[in-house]
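**Student:** Sharing a structure here in structure tokens format.
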There are 2 protein chains.
Amino acid sequence: MKLQDLGEREIISRIRKDFSESPRDVIIGIGDDAAVIKHGKKNFIITKDLLFEDTHFITAFHPPYFLGRKSLNVNLSDVAAMGGVPKYALVGLGLPLGMESDWLKKYFSGFKAAAKEAGVSLIGGDVSGSKKISISVTVIGEGKKIIKREGAQEGHFLFVSGSLGDARQGLILLKKGYRLRDDGKADPFIKAFLDPIPQIALGKDLSRLHLASAMIDVSDGLSTDLYNLCQESGGGAEIFLGKLPLSPGIRHIQRQPYRLALHGGEDYQLLFTVPPQNQKSLLRLQKKYKITLIGKIIKKKEIFLISRQGKRNPLKIKGYQHFMKS
Amino acid sequence: MKLQDLGEREIISRIRKDFSESPRDVIIGIGDDAAVIKHGKKNFIITKDLLFEDTHFITAFHPPYFLGRKSLNVNLSDVAAMGGVPKYALVGLGLPLGMESDWLKKYFSGFKAAAKEAGVSLIGGDVSGSKKISISVTVIGEGKKIIKREGAQEGHFLFVSGSLGDARQGLILLKKGYRLRDDGKADPFIKAFLDPIPQIALGKDLSRLHLASAMIDVSDGLSTDLYNLCQESGGGAEIFLGKLPLSPGIRHIQRQPYRLALHGGEDYQLLFTVPPQNQKSLLRLQKKYKITLIGKIIKKKEIFLISRQGKRNPLKIKGYQHFMKS
């Protein structure tokens with residue numbers, strides 16, 4: 001059997017089964033946004049994301065400064081999704097020999113800016129030649145109360161930060177030939193795709209205030225990531241189409257904005273569940289962050305989409321698996 | 001300027017300069033075998049190595065089982081070179097979609113075997129599609145007394161573990177068409193290349209007994225790695241050609257075994273310096289490990305090779321930079 005017939009989820013599930021034995025200090029192993037190791041009173045959160053040229057980014061679309069930022073920020077988003085605070089980063093770069101050194105300078109200039117914003121130190125890495133650009137960033141963070149993908153229970157409310165679908169809309173515009181600063185209307189979407197901002201402060205507050213029962217970042221699309229959260233928690237969900245947060249401009253530019261919001265990917269917002277007794281405290285956080293109630297957790301292991309007319313349909317999972325895209 | 005004109009060393013040196021500010025708990029940042037973060041009484045050692053198809057390995061030469069082992073073991077070697085004990089691993093894989101899933105099964109079977117031997121747990125990672133195989137492993141270890149690349153002083157003795165040049169000889173044989181188990185004479189060399197063994201126990205003993213003043217693993221070739229150790233320590237070295245440890249069979253198979261021992265690369269042995277007062281204790285370790293005295297540290301910032309006739313010549317650094325090889 002070929003890997004493409006297996007798919008990313010099945011591959012990871014097989015690896016996970018194969019490496020299911022873990023020592024006691026490994027609180028979270030394979031299968032969450034990041035791994036967690038307990039040490040004394042602290043938890044170390046470790047995450048690792050790959051970005052490959054022509055699979056995750058296209059150099060013609062992605063200026064190196066923003067790629068530097070994004071390659072760090074997608075990892076910071078994984079730490080945020082555990083309620084942790086990122087502290088250290090390592091970067092492994094495979095680079096074509098014929099590349100201009102200016103590209104690398106700009107890449108690191110972006111990486112450095114994102115690191116500074118998040119209070120993260122680059123402590124090591126590896127550089128090597130390769131045919132196409134290959135980026136592997138590892139981030140280590142710390143956290144007290146870790147928020148896992150599992151923990152959501154029937155009746156818990158489902159919230160998401162920011163707006164959904166913008167990044168995918170940005171990718172569509174880039175594919176159409178638009179570039180950053182070509183068009184004021186296109187810019188916020190292109191920016192959302194090229195330069196997503198990890199929701200570190202929100203993740204930290206949710207952990208500190210013990211408000212969320214489960215959390216994941218929306219990197220592969222709401223439908224896929226919600227499915228993953230439900231899988232780990234052992235339940236299902238209902239989401240209300242009319243409640244999905246859309247940015248103001250997307251309706252003008254896109255005929256099917258909800259499709260992008262549901263399946264778009266690359267938003268790097270936080271999707272989390274809140275037990276009813278915490279909802280009041282959570283609403284107070286809405287003064288500080290854009291957070292939207294989009295649905296709730298149900299017992300049945302399925303995801304339903306409730307239309308504006310109240311019609312309840314099973315939601316198909318169409319968020320992208322990077323593995324299927326290259 | 002193109003990256004190939006800069007070279008790996010200059011690229012890393014520029015990144016290092018750019019990220020020179022580190023918080024106090026970062027004991028070692030960019031520039032050693034691994035990064036070290038202090039936490040309480042423990043030090044966490046973090047390393048990250050990349051292995052790219054056709055740069056670091058060729059699938060036709062490298063059975064997936066051994067590649068799984070090697071991709072973990074080269075990282076464990078970096079932890080060993082700090083005197084640490086490896087504990088956790090994360091693996092990032094870029095894989096061609098058309099690959100047989102059996103390849104991945106064998107890869108992880110090798111990875112798991114190497115992890116078990118070293119007491120390491122796989123705790124996370126990432127899988128994605130890519131044109132060629134791309135492997136990025138991160139290993140986290142622990143250590144009390146960290147042995148850095150810096151710390152070697154004039155008069156300290158220079159030791160190396162195991163034998164040198166075997167792995168490169170193995171690569172030569174593979175390129176000639178030999179494969180493992182084709183030929184009993186070729187097998188030990190091919191094995192040395194395909195399946196190097198990290199010197200974890202030796203590194204740990206050197207740290208525990210406070211015997212070594214500086215250490216590095218010989219991954220890029222003795223000449224390059226000795227140069228790196230001297231650069232960090234701020235001195236030079238003299239090495240005796242006749243003392244370089246060669247495996248018994250290499251003289252029969254290779255006309256210039258010393259060239260391979262000096263510049264071969266991929267040996268994953270430990271190169272370390274020992275202050276004169278520790279030499280007696282070190283000799284006791286020779287009952288347990290193969291360790292050879294090959295030279296000493298000098299004040300002058302140059303590396304000299306002393307021939308069997310006592311002639312002293314500057315040593316050219318010819319060990320390979322992966323960056324120049326792709």
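The way I read the labels, and the way they are meant: chains A, B, ... in the order of the structure tokens, residue 1 as the first residue of every chain, and ligand 1 as the first ligand shown, with later ones counted on from there.
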Hey, what does DSSP flag as strand (DSSP E or B) within segment 83-142 of chain A? Can you give it to me as a ChimeraX atom specification?

**Tutor:** /A:85-95,100,121-129,134-142

**Student:** Determine, counting only C-alpha atoms, which protein, DNA and RNA residues have an atom within 7 Å of an atom of Ile239 of chain A; residues of the same chain fewer than 2 positions away are not included. Present the result as a VMD selection string.

**Tutor:** chain A and resid 237 241 294 to 296 304 to 306

**Student:** Given the selection you just returned, output its residues as a file containing N, CA and C atoms, formatted as an mmCIF file, in the first residue's frame.

**Tutor:**
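Output saved as result_29.cif:
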```
data_model
loop_
_atom_site.group_PDB
_atom_site.id
_atom_site.type_symbol
_atom_site.label_atom_id
_atom_site.label_comp_id
_atom_site.auth_asym_id
_atom_site.auth_seq_id
_atom_site.Cartn_x
_atom_site.Cartn_y
_atom_site.Cartn_z
ATOM 1 N N ALA A 237 -20.064 17.119 18.177
ATOM 2 C CA ALA A 237 -20.353 18.546 18.343
ATOM 3 C C ALA A 237 -21.458 18.990 17.399
ATOM 4 N N LEU A 241 -23.938 27.375 11.775
ATOM 5 C CA LEU A 241 -23.326 28.037 10.623
ATOM 6 C C LEU A 241 -23.353 29.564 10.769
ATOM 7 N N ILE A 294 -19.610 29.177 19.055
ATOM 8 C CA ILE A 294 -20.066 28.648 17.758
ATOM 9 C C ILE A 294 -20.873 27.347 17.882
ATOM 10 N N GLY A 295 -20.930 26.773 19.065
ATOM 11 C CA GLY A 295 -21.689 25.528 19.172
ATOM 12 C C GLY A 295 -21.477 24.867 20.516
ATOM 13 N N LYS A 296 -21.768 23.564 20.547
ATOM 14 C CA LYS A 296 -21.537 22.855 21.803
ATOM 15 C C LYS A 296 -21.197 21.374 21.568
ATOM 16 N N PHE A 304 -22.370 17.874 13.671
ATOM 17 C CA PHE A 304 -23.515 18.373 12.916
ATOM 18 C C PHE A 304 -23.386 19.878 12.696
ATOM 19 N N LEU A 305 -23.828 20.269 11.525
ATOM 20 C CA LEU A 305 -23.851 21.688 11.195
ATOM 21 C C LEU A 305 -25.304 22.132 11.189
ATOM 22 N N ILE A 306 -25.616 23.162 11.983
ATOM 23 C CA ILE A 306 -27.001 23.641 12.047
ATOM 24 C C ILE A 306 -27.114 24.881 11.166
#
```

**Student:** Up to 7 Å from chain A, what residues of chain B turn up? Count only C-alpha atoms and give them as a PyMOL selection string.

**Tutor:** chain B and resi 1-4+8+19+22+29-30+34-35+48-50+52+55+92+97-101+121-130+136+322-324+326

**Student:** If you keep N, CA and C atoms, can you produce a file of those selected residues as a short mmCIF file (atom, residue, chain, number, x, y, z; two decimals), in the first residue's frame?

**Tutor:**
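The file below, part_37.cif, is the result:
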```
data_model
loop_
_atom_site.label_atom_id
_atom_site.label_comp_id
_atom_site.auth_asym_id
_atom_site.auth_seq_id
_atom_site.Cartn_x
_atom_site.Cartn_y
_atom_site.Cartn_z
N MET B 1 25.37 37.53 -3.03
CA MET B 1 26.18 36.34 -2.79
C MET B 1 25.31 35.10 -2.60
N LYS B 2 25.75 34.00 -3.16
CA LYS B 2 24.98 32.76 -3.04
C LYS B 2 25.39 32.00 -1.77
N LEU B 3 24.48 31.18 -1.28
CA LEU B 3 24.77 30.41 -0.07
C LEU B 3 25.97 29.49 -0.23
N GLN B 4 26.14 28.91 -1.43
CA GLN B 4 27.27 28.00 -1.63
C GLN B 4 28.61 28.72 -1.49
N GLU B 8 28.55 26.42 5.13
CA GLU B 8 27.78 26.12 6.33
C GLU B 8 28.30 26.88 7.56
N PHE B 19 21.66 36.18 16.81
CA PHE B 19 20.84 35.75 17.94
C PHE B 19 21.70 35.57 19.19
N SER B 22 20.81 35.92 24.87
CA SER B 22 20.05 34.78 25.37
C SER B 22 19.71 35.02 26.83
N GLY B 29 23.89 28.12 23.76
CA GLY B 29 22.98 28.42 22.65
C GLY B 29 23.56 27.86 21.35
N ILE B 30 23.41 28.61 20.29
CA ILE B 30 23.87 28.15 18.98
C ILE B 30 25.39 27.95 18.98
N ALA B 34 24.82 20.66 20.94
CA ALA B 34 23.42 20.77 21.33
C ALA B 34 23.26 22.03 22.17
N ALA B 35 22.02 22.46 22.34
CA ALA B 35 21.73 23.60 23.21
C ALA B 35 21.46 23.07 24.62
N LYS B 48 19.08 18.86 17.35
CA LYS B 48 18.20 18.74 16.19
C LYS B 48 19.07 18.52 14.98
N ASP B 49 18.90 17.40 14.30
CA ASP B 49 19.69 17.14 13.10
C ASP B 49 18.78 16.84 11.92
N LEU B 50 19.20 17.28 10.77
CA LEU B 50 18.46 17.04 9.55
C LEU B 50 19.12 15.95 8.73
N PHE B 52 18.65 14.67 4.80
CA PHE B 52 17.92 14.78 3.54
C PHE B 52 18.36 13.71 2.56
N THR B 55 21.38 14.07 0.04
CA THR B 55 22.43 14.88 0.65
C THR B 55 23.10 14.04 1.74
N GLY B 92 10.21 14.55 12.67
CA GLY B 92 9.46 15.19 11.58
C GLY B 92 9.85 14.51 10.28
N LEU B 97 4.55 10.93 -1.64
CA LEU B 97 3.23 10.31 -1.59
C LEU B 97 3.21 8.89 -2.16
N GLY B 98 4.05 8.67 -3.16
CA GLY B 98 4.01 7.39 -3.85
C GLY B 98 4.81 6.29 -3.14
N MET B 99 5.37 6.63 -1.98
CA MET B 99 6.20 5.67 -1.27
C MET B 99 5.38 4.50 -0.70
N GLU B 100 5.97 3.31 -0.71
CA GLU B 100 5.31 2.14 -0.14
C GLU B 100 5.25 2.28 1.40
N SER B 101 4.11 1.96 1.98
CA SER B 101 3.98 2.12 3.43
C SER B 101 4.91 1.17 4.18
N SER B 121 12.24 7.79 24.60
CA SER B 121 10.83 7.70 24.21
C SER B 121 10.51 8.66 23.08
N LEU B 122 9.81 8.16 22.07
CA LEU B 122 9.29 9.04 21.02
C LEU B 122 8.03 9.71 21.55
N ILE B 123 8.05 11.05 21.61
CA ILE B 123 6.91 11.73 22.23
C ILE B 123 6.12 12.60 21.26
N GLY B 124 6.59 12.77 20.03
CA GLY B 124 5.82 13.59 19.11
C GLY B 124 6.51 13.79 17.79
N GLY B 125 5.89 14.60 16.95
CA GLY B 125 6.49 14.86 15.65
C GLY B 125 5.49 15.40 14.66
N ASP B 126 5.80 15.23 13.41
CA ASP B 126 4.99 15.79 12.34
C ASP B 126 5.26 14.94 11.09
N VAL B 127 4.24 14.73 10.29
CA VAL B 127 4.40 13.99 9.03
C VAL B 127 3.78 14.82 7.92
N SER B 128 4.46 14.91 6.79
CA SER B 128 3.95 15.71 5.70
C SER B 128 4.43 15.17 4.37
N GLY B 129 3.77 15.54 3.30
CA GLY B 129 4.23 15.15 1.98
C GLY B 129 5.40 15.99 1.53
N SER B 130 6.33 15.39 0.80
CA SER B 130 7.41 16.17 0.19
C SER B 130 7.96 15.37 -0.97
N SER B 136 13.80 15.08 10.13
CA SER B 136 14.27 16.03 11.12
C SER B 136 13.95 15.47 12.50
N HIS B 322 28.16 19.34 5.15
CA HIS B 322 27.00 18.81 4.43
C HIS B 322 26.47 19.81 3.44
N PHE B 323 26.66 21.07 3.80
CA PHE B 323 26.08 22.09 2.97
C PHE B 323 26.69 22.10 1.57
N MET B 324 27.91 21.68 1.47
CA MET B 324 28.62 21.74 0.21
C MET B 324 28.43 20.46 -0.61
N SER B 326 25.38 18.74 -1.33
CA SER B 326 24.10 18.34 -1.94
C SER B 326 24.15 18.47 -3.46
#
```

**Student:** Quick one: residues within 6 Å of Ala214 of chain B, only C-alpha atoms, excluding same-chain residues fewer than 3 positions away - as a CSV table (one decimal) with N, CA and C atoms, in the first residue's frame?

**Tutor:**
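Written file, result_4.csv:
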```csv
chain,number,residue,atom,x,y,z
B,147,ILE,N,29.6,18.9,29.2
B,147,ILE,CA,31.0,19.1,28.6
B,147,ILE,C,30.8,19.8,27.3
B,148,LYS,N,31.4,21.0,27.2
B,148,LYS,CA,31.2,21.8,26.0
B,148,LYS,C,32.3,21.6,25.0
B,149,ARG,N,32.2,22.3,23.9
B,149,ARG,CA,33.3,22.3,22.9
B,149,ARG,C,34.4,23.2,23.4
B,150,GLU,N,34.1,24.2,24.2
B,150,GLU,CA,35.1,25.1,24.8
B,150,GLU,C,35.5,24.5,26.1
B,151,GLY,N,36.7,24.8,26.5
B,151,GLY,CA,37.2,24.3,27.8
B,151,GLY,C,38.6,23.6,27.6
B,152,ALA,N,39.0,23.3,26.4
B,152,ALA,CA,40.3,22.6,26.2
B,152,ALA,C,41.4,23.7,26.4
B,272,PHE,N,37.7,14.2,22.6
B,272,PHE,CA,37.6,14.9,23.9
B,272,PHE,C,39.0,15.2,24.4
B,273,THR,N,39.1,16.2,25.2
B,273,THR,CA,40.4,16.6,25.8
B,273,THR,C,40.4,16.3,27.3
```

**Student:** By how many Å are atom CA of Lys290 of chain A and atom CA of Ser161 of chain A apart?

**Tutor:**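 Rounded to one decimal, the two atoms are 5.7 Å apart.
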
**Student:** Excluding same-chain residues fewer than 2 positions from segment 246-248 of chain B, what lies within 9 Å of it counting only C-alpha atoms, as a PDB file with N, CA and C atoms, in the first residue's frame?

**Tutor:**
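Printed below is part-v5.pdb as written:
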```
ATOM      1  N   GLY B 162      36.784   4.680  19.769  1.00  0.00           N
ATOM      2  CA  GLY B 162      36.583   3.789  18.618  1.00  0.00           C
ATOM      3  C   GLY B 162      37.657   3.888  17.557  1.00  0.00           C
ATOM      4  N   SER B 163      37.276   3.667  16.309  1.00  0.00           N
ATOM      5  CA  SER B 163      38.228   3.826  15.215  1.00  0.00           C
ATOM      6  C   SER B 163      37.672   4.828  14.208  1.00  0.00           C
ATOM      7  N   LEU B 164      38.578   5.396  13.420  1.00  0.00           N
ATOM      8  CA  LEU B 164      38.192   6.480  12.514  1.00  0.00           C
ATOM      9  C   LEU B 164      38.308   6.034  11.052  1.00  0.00           C
ATOM     10  N   GLY B 165      37.426   6.527  10.232  1.00  0.00           N
ATOM     11  CA  GLY B 165      37.520   6.275   8.786  1.00  0.00           C
ATOM     12  C   GLY B 165      36.652   5.132   8.286  1.00  0.00           C
ATOM     13  N   ASP B 166      36.165   4.289   9.198  1.00  0.00           N
ATOM     14  CA  ASP B 166      35.385   3.117   8.767  1.00  0.00           C
ATOM     15  C   ASP B 166      34.120   3.500   7.998  1.00  0.00           C
ATOM     16  N   LYS B 243      49.192   7.610  15.513  1.00  0.00           N
ATOM     17  CA  LYS B 243      48.348   7.207  16.653  1.00  0.00           C
ATOM     18  C   LYS B 243      46.860   7.113  16.286  1.00  0.00           C
ATOM     19  N   LEU B 244      46.513   7.604  15.131  1.00  0.00           N
ATOM     20  CA  LEU B 244      45.083   7.595  14.789  1.00  0.00           C
ATOM     21  C   LEU B 244      44.556   6.160  14.785  1.00  0.00           C
ATOM     22  N   ILE B 250      40.988  -2.128   7.768  1.00  0.00           N
ATOM     23  CA  ILE B 250      40.968  -1.010   6.804  1.00  0.00           C
ATOM     24  C   ILE B 250      42.254  -0.914   5.978  1.00  0.00           C
ATOM     25  N   ARG B 251      43.375  -1.334   6.554  1.00  0.00           N
ATOM     26  CA  ARG B 251      44.633  -1.277   5.808  1.00  0.00           C
ATOM     27  C   ARG B 251      44.632  -2.229   4.611  1.00  0.00           C
ATOM     28  N   HIS B 252      43.899  -3.326   4.741  1.00  0.00           N
ATOM     29  CA  HIS B 252      43.855  -4.301   3.657  1.00  0.00           C
ATOM     30  C   HIS B 252      43.013  -3.817   2.495  1.00  0.00           C
ATOM     31  N   PRO B 257      44.332   4.802   4.331  1.00  0.00           N
ATOM     32  CA  PRO B 257      43.386   4.788   5.459  1.00  0.00           C
ATOM     33  C   PRO B 257      43.473   6.049   6.321  1.00  0.00           C
ATOM     34  N   TYR B 258      44.645   6.659   6.423  1.00  0.00           N
ATOM     35  CA  TYR B 258      44.786   7.845   7.283  1.00  0.00           C
ATOM     36  C   TYR B 258      44.032   9.049   6.732  1.00  0.00           C
ATOM     37  N   ALA B 261      40.672   8.511   7.950  1.00  0.00           N
ATOM     38  CA  ALA B 261      40.598   8.731   9.401  1.00  0.00           C
ATOM     39  C   ALA B 261      40.615  10.227   9.717  1.00  0.00           C
TER      40      ALA B 261
END
```

**Student:** Please provide the set of residues having any atom within 9 Å of Asn228 of chain A, restricted to only C-alpha atoms, with same-chain residues fewer than 4 positions apart removed, written as a list in words.

**Tutor:** Arg149, Ile216, Ser223, Thr224, Glu232 and Ser233 of chain A

**Student:** Taking 5 positions as the minimum chain separation for residues in the same chain, which residues sit within 9 Å of Ala201 of chain A when counting only C-alpha atoms? Answer as a list in words.

**Tutor:** Ala80, Gly83, Val85 and Leu206 of chain A

**Student:** Could you jot down the atom CA of Ser71 of chain A to atom CA of Ser77 of chain B separation for me, Å, one decimal place?

**Tutor:** 26.9 Å

**Student:** Apply DSSP to the backbone of this structure and, from segment 78-212 of chain B, keep only the residues in alpha helix (DSSP H); write these as number ranges by chain.

**Tutor:** B: 78-80, 101-118, 166-175, 187-194, 200-208

**Student:** Residues within 7 Å of Asp217 of chain B, please, as a PDB file with C-alpha atoms, in the first residue's frame. Count only C-alpha atoms; anything in the same chain fewer than 5 positions from it doesn't count.

**Tutor:**
```
ATOM      1  CA  SER B  77      25.551  11.219  19.473  1.00  0.00           C
ATOM      2  CA  ASP B  78      25.150  14.990  19.904  1.00  0.00           C
ATOM      3  CA  ALA B  81      29.031  14.686  23.097  1.00  0.00           C
ATOM      4  CA  TYR B 268      30.131   9.451  15.409  1.00  0.00           C
ATOM      5  CA  GLN B 269      32.970   8.782  17.807  1.00  0.00           C
ATOM      6  CA  LEU B 270      33.759  11.142  20.678  1.00  0.00           C
ATOM      7  CA  LEU B 271      36.736  13.485  20.484  1.00  0.00           C
TER       8      LEU B 271
END
```

**Student:** So how many Å separate atom CA of Thr59 of chain B and atom CA of Pro188 of chain B, to one decimal?

**Tutor:**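 It comes out at 19.4 Å.
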